[in-house]
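S.K.: Quick one: the structure is below, questions incoming.
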Amino acid sequence: IWCEVSDVVICAEGLGKKYLIGHQSAERERYTALRDVVGRSLKGLSQSALDMFRGRQIIAGDEIEEFWALKDVSFSIKRGEIVGVIGRNGAGKSTLLKVLSRITEPSEGRVEIKGRVASLLEVGTGFHPELTGRENIYLNGAILGMSREEIRKKFDEIVGFAEVGLFLDTPVKRYSSGMYVRLAFAVAAHLEPEILVVDEVLAVGDAEFQRKCLGRMQEVAGQGRTVLFVSHNMGAISTLCTRGLLFAGGKLVQFGTADQVVKHYA
C-alpha cells in the first residue's frame, strides 16, 4: 500500500535478512595442524561448498544456527526526507543499509526503491585503490549511470569539497583515512543521486568536515532528494533529521519524528 503513494521512494515490507552461523561440536578436536588441513583431499570440496550454500552441516556433528540480522521490518520513506537510523552496535542498521544499497539480497520480504542510490557505508566504499582520485571520481559517476559530461560539470565542486586537489592524480591507496572519506563523501553527495545513504562517515572527519557534511546533506534534501543517515551522534540526528528509525536486535522498535526516536533511545 505504501509503495503506491507517489512521493514514497523507499518502501520495505516484512524485510528480513538471515545468516547461517556454524558452531563447532564439542566432540570435535579443538586444534587442527596446518599439515592436516593442507593434506586433506580436495575430492569433496564441491560437495562441501554446496552443503555450505544450502546451510547443511559441513562436518558431521557441527551445528548450524540461524541468525536474523533483520526481522519483519516495514517502513516507508518519502522524497526529500532526512531519516536517521539509530541503535546499538549489532542492532541491524548496517545490514539494512546494505539491503537498501543492493549490496546484499533480503532473505524474506521486499523493498522497493525509486531512483539511483549513492552509498557511503565505510571508508573507501566503491573506490579502486590502484586508481587515482581523479579516475575514481569518474568511475563512481559511471556506476551511478552518469555520463562523462555530467561528471565533468560536477568535478571541480567535488574536488573543492574534498580538499584533495594536490593529490588528485595519486592512487587513493596512498590517501590517509581522512582524505579517503572526504573524497568518498564528496563523490556520493555531489553526483546527484535520488537517494544518499551515509553510514557513520562523520566519525572519521574533523569538526570542520563534519559541519560540511551535515550542511551538504541538508542541501541534498532541500533539492528534493532523500538521505538515510546512520550515526551514534544523537545531536547530529536531532539537528539534521526529520524522522528516525530505531533498531534493536534486528527489529524496528520505533519509527517516528527524530526527537521522539532519540528520546526513546536515550
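Going through the C-alpha cells in order, the chains are called A, B, and so on, while each chain numbers its residues from 1 and the ligands are numbered from 1 in the order shown.
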Could you list, with a cut-off of 10 Å and counting only C-alpha atoms, the residues of segment 210-230 of chain A near segment 139-162 of chain A, each shown with its nearest atom pair and the distance in Å rounded to one decimal, rows sorted by chain and ascending number, as a tab-separated table?

M.R.:
```
residue	atom	partner	partner_atom	distance
A:Lys212	CA	A:Phe161	CA	8.2
A:Cys213	CA	A:Phe161	CA	9.4
A:Arg216	CA	A:Phe161	CA	9.6
```

S.K.: Skipping near chain neighbours, those fewer than 5 positions away, what residues fall within 8 Å of segment 79-82 of chain A using only C-alpha atoms, listed as number ranges by chain?

M.R.: A: 7-9, 218, 221-229, 240-243

S.K.: If you count only C-alpha atoms, which residues fall within 12 Å of Tyr265 of chain A, apart from same-chain ones fewer than 6 positions away, as a ChimeraX atom specification?

M.R.: /A:85-88,232-234,237,244-248,253-256,258-259

S.K.: Write a file of the just-selected residues containing all heavy atoms, as a CSV table (one decimal), in the first residue's frame.

M.R.:
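Generated output (part.csv):
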```
chain,number,residue,atom,x,y,z
A,85,VAL,N,19.0,6.7,11.3
A,85,VAL,CA,18.9,5.3,11.6
A,85,VAL,C,19.8,5.1,12.8
A,85,VAL,O,21.0,5.3,12.8
A,85,VAL,CB,19.4,4.4,10.5
A,85,VAL,CG1,19.1,2.9,10.9
A,85,VAL,CG2,18.6,4.7,9.2
A,86,ILE,N,19.2,4.7,14.0
A,86,ILE,CA,20.0,4.6,15.2
A,86,ILE,C,19.7,3.3,15.9
A,86,ILE,O,18.8,2.6,15.6
A,86,ILE,CB,19.7,5.8,16.2
A,86,ILE,CG1,18.2,5.8,16.6
A,86,ILE,CG2,20.0,7.1,15.6
A,86,ILE,CD1,17.9,6.8,17.6
A,87,GLY,N,20.6,3.0,16.9
A,87,GLY,CA,20.5,1.7,17.6
A,87,GLY,C,21.9,1.3,18.0
A,87,GLY,O,22.9,1.8,17.5
A,88,ARG,N,22.0,0.4,18.9
A,88,ARG,CA,23.3,-0.1,19.4
A,88,ARG,C,24.0,-0.9,18.3
A,88,ARG,O,23.4,-1.3,17.3
A,88,ARG,CB,23.1,-1.0,20.7
A,88,ARG,CG,22.4,-0.3,21.8
A,88,ARG,CD,22.2,-1.2,23.0
A,88,ARG,NE,23.5,-1.6,23.6
A,88,ARG,CZ,23.6,-2.5,24.6
A,88,ARG,NH1,22.6,-2.9,25.2
A,88,ARG,NH2,24.8,-2.8,25.0
A,232,HIS,N,25.8,7.5,15.7
A,232,HIS,CA,25.6,7.4,17.1
A,232,HIS,C,25.6,8.8,17.8
A,232,HIS,O,25.6,8.9,19.0
A,232,HIS,CB,26.8,6.5,17.7
A,232,HIS,CG,26.7,5.1,17.3
A,232,HIS,ND1,25.8,4.2,17.9
A,232,HIS,CD2,27.4,4.4,16.4
A,232,HIS,CE1,26.0,3.0,17.3
A,232,HIS,NE2,26.9,3.1,16.4
A,233,ASN,N,25.7,9.8,17.0
A,233,ASN,CA,25.7,11.2,17.4
A,233,ASN,C,24.3,11.7,17.5
A,233,ASN,O,23.7,12.1,16.5
A,233,ASN,CB,26.6,12.1,16.5
A,233,ASN,CG,26.7,13.5,17.0
A,233,ASN,OD1,25.8,14.0,17.8
A,233,ASN,ND2,27.7,14.2,16.6
A,234,MET,N,23.7,11.6,18.7
A,234,MET,CA,22.3,12.0,18.8
A,234,MET,C,22.0,13.4,18.5
A,234,MET,O,20.9,13.8,18.0
A,234,MET,CB,21.7,11.6,20.2
A,234,MET,CG,21.7,10.1,20.5
A,234,MET,SD,20.7,9.1,19.3
A,234,MET,CE,22.0,8.4,18.3
A,237,ILE,N,21.7,13.7,14.8
A,237,ILE,CA,20.4,13.1,14.4
A,237,ILE,C,19.3,14.1,14.6
A,237,ILE,O,18.4,14.4,13.7
A,237,ILE,CB,20.1,11.8,15.1
A,237,ILE,CG1,21.1,10.7,14.7
A,237,ILE,CG2,18.7,11.3,14.8
A,237,ILE,CD1,21.0,10.2,13.3
A,244,GLY,N,13.1,9.3,12.3
A,244,GLY,CA,14.2,8.4,12.7
A,244,GLY,C,13.6,7.0,12.7
A,244,GLY,O,12.4,6.7,13.0
A,245,LEU,N,14.6,6.0,12.5
A,245,LEU,CA,14.3,4.6,12.6
A,245,LEU,C,15.2,4.1,13.8
A,245,LEU,O,16.4,4.2,13.8
A,245,LEU,CB,14.7,3.8,11.4
A,245,LEU,CG,13.9,4.1,10.1
A,245,LEU,CD1,14.7,3.7,8.9
A,245,LEU,CD2,12.6,3.4,10.1
A,246,LEU,N,14.6,3.4,14.8
A,246,LEU,CA,15.3,2.9,15.9
A,246,LEU,C,15.3,1.4,15.8
A,246,LEU,O,14.2,0.8,15.8
A,246,LEU,CB,14.7,3.4,17.2
A,246,LEU,CG,15.2,2.7,18.5
A,246,LEU,CD1,16.8,3.0,18.6
A,246,LEU,CD2,14.5,3.3,19.7
A,247,PHE,N,16.5,0.8,15.8
A,247,PHE,CA,16.6,-0.7,15.7
A,247,PHE,C,17.2,-1.3,17.0
A,247,PHE,O,18.0,-0.7,17.6
A,247,PHE,CB,17.5,-1.1,14.5
A,247,PHE,CG,16.8,-1.0,13.2
A,247,PHE,CD1,16.8,0.2,12.5
A,247,PHE,CD2,16.2,-2.1,12.6
A,247,PHE,CE1,16.1,0.3,11.3
A,247,PHE,CE2,15.6,-2.0,11.4
A,247,PHE,CZ,15.5,-0.8,10.7
A,248,ALA,N,16.7,-2.5,17.3
A,248,ALA,CA,17.2,-3.3,18.4
A,248,ALA,C,17.0,-4.7,18.1
A,248,ALA,O,15.9,-5.2,17.8
A,248,ALA,CB,16.5,-2.9,19.7
A,253,VAL,N,12.1,-1.0,16.3
A,253,VAL,CA,11.5,-0.7,17.5
A,253,VAL,C,10.5,0.5,17.4
A,253,VAL,O,9.4,0.5,18.0
A,253,VAL,CB,12.5,-0.5,18.6
A,253,VAL,CG1,11.8,-0.2,20.0
A,253,VAL,CG2,13.4,-1.8,18.8
A,254,GLN,N,11.0,1.5,16.7
A,254,GLN,CA,10.2,2.8,16.6
A,254,GLN,C,10.5,3.5,15.3
A,254,GLN,O,11.7,3.5,14.9
A,254,GLN,CB,10.4,3.7,17.8
A,254,GLN,CG,9.5,4.9,17.9
A,254,GLN,CD,9.6,5.7,19.1
A,254,GLN,OE1,10.7,5.6,19.8
A,254,GLN,NE2,8.7,6.6,19.4
A,255,PHE,N,9.5,4.1,14.7
A,255,PHE,CA,9.7,4.9,13.5
A,255,PHE,C,8.8,6.1,13.7
A,255,PHE,O,7.6,6.0,13.7
A,255,PHE,CB,9.2,4.1,12.3
A,255,PHE,CG,9.5,4.9,11.0
A,255,PHE,CD1,10.5,5.8,10.9
A,255,PHE,CD2,8.6,4.6,9.9
A,255,PHE,CE1,10.6,6.5,9.7
A,255,PHE,CE2,8.8,5.3,8.7
A,255,PHE,CZ,9.8,6.2,8.6
A,256,GLY,N,9.4,7.3,13.9
A,256,GLY,CA,8.7,8.5,14.2
A,256,GLY,C,9.5,9.7,13.9
A,256,GLY,O,10.5,9.7,13.2
A,258,ALA,N,12.3,12.5,14.6
A,258,ALA,CA,13.7,12.3,15.1
A,258,ALA,C,13.8,12.5,16.6
A,258,ALA,O,14.4,11.8,17.3
A,258,ALA,CB,14.7,13.3,14.4
A,259,ASP,N,13.1,13.6,17.1
A,259,ASP,CA,13.1,13.8,18.5
A,259,ASP,C,12.5,12.7,19.3
A,259,ASP,O,13.0,12.3,20.4
A,259,ASP,CB,12.4,15.1,18.8
A,259,ASP,CG,13.2,16.4,18.4
A,259,ASP,OD1,14.4,16.2,18.2
A,259,ASP,OD2,12.6,17.4,18.2
```

S.K.: Tell me, in Å to one decimal, how far atom CA of Ile64 of chain A is from atom CA of Lys17 of chain A.

M.R.: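 Atom CA of Lys17 of chain A lies 16.1 Å from atom CA of Ile64 of chain A.
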
S.K.: Can you tell me, as a count of residues only, which residues in segment 192-231 of chain A count as alpha helix (DSSP H) by DSSP?

M.R.: 16

S.K.: Given the choices A:Thr257, A:Ser107, A:Ser76, A:Ser119, which gets closest to Val187 of chain A if the distance is worked out from only C-alpha atoms?

M.R.: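 Residue with the minimum atom-to-atom distance to Val187 of chain A: A:Ser119.
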
S.K.: Please list as a PyMOL selection string every residue within 8 Å of Lys18 of chain A, counting only C-alpha atoms and excluding residues in the same chain fewer than 6 positions away.

M.R.: chain A and resi 66-70+106-107

S.K.: If you count only C-alpha atoms, which residues fall within 8 Å of Glu163 of chain A, apart from same-chain ones fewer than 4 positions away, as a count of residues only?

M.R.: 4

S.K.: Got a sec: who's within 8 Å of Pro171 of chain A, counting only C-alpha atoms, leaving out chain neighbours fewer than 6 positions off, as a ChimeraX atom specification?

M.R.: /A:129-133

S.K.: Using only C-alpha atoms, which residue out of A:Val73, A:Leu97, A:Met217, A:Val261 lies closest to Asp199 of chain A?

M.R.: A:Leu97

S.K.: What is the distance between atom CA of Leu96 of chain A and atom CA of Asp206 of chain A, in Å to one decimal?

M.R.: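 Computing the Euclidean distance for atom CA of Leu96 of chain A and atom CA of Asp206 of chain A yields 26.7 Å.
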
S.K.: What does the distance between atom CA of Phe75 of chain A and atom CA of Glu194 of chain A come to in Å, to one decimal place?

M.R.: 18.2 Å

S.K.: Which of these residues is nearest to Gly178 of chain A, using only C-alpha atoms: A:Glu112, A:Glu208, A:Glu13, A:Glu65?

M.R.: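 The closest residue to Gly178 of chain A is A:Glu208.
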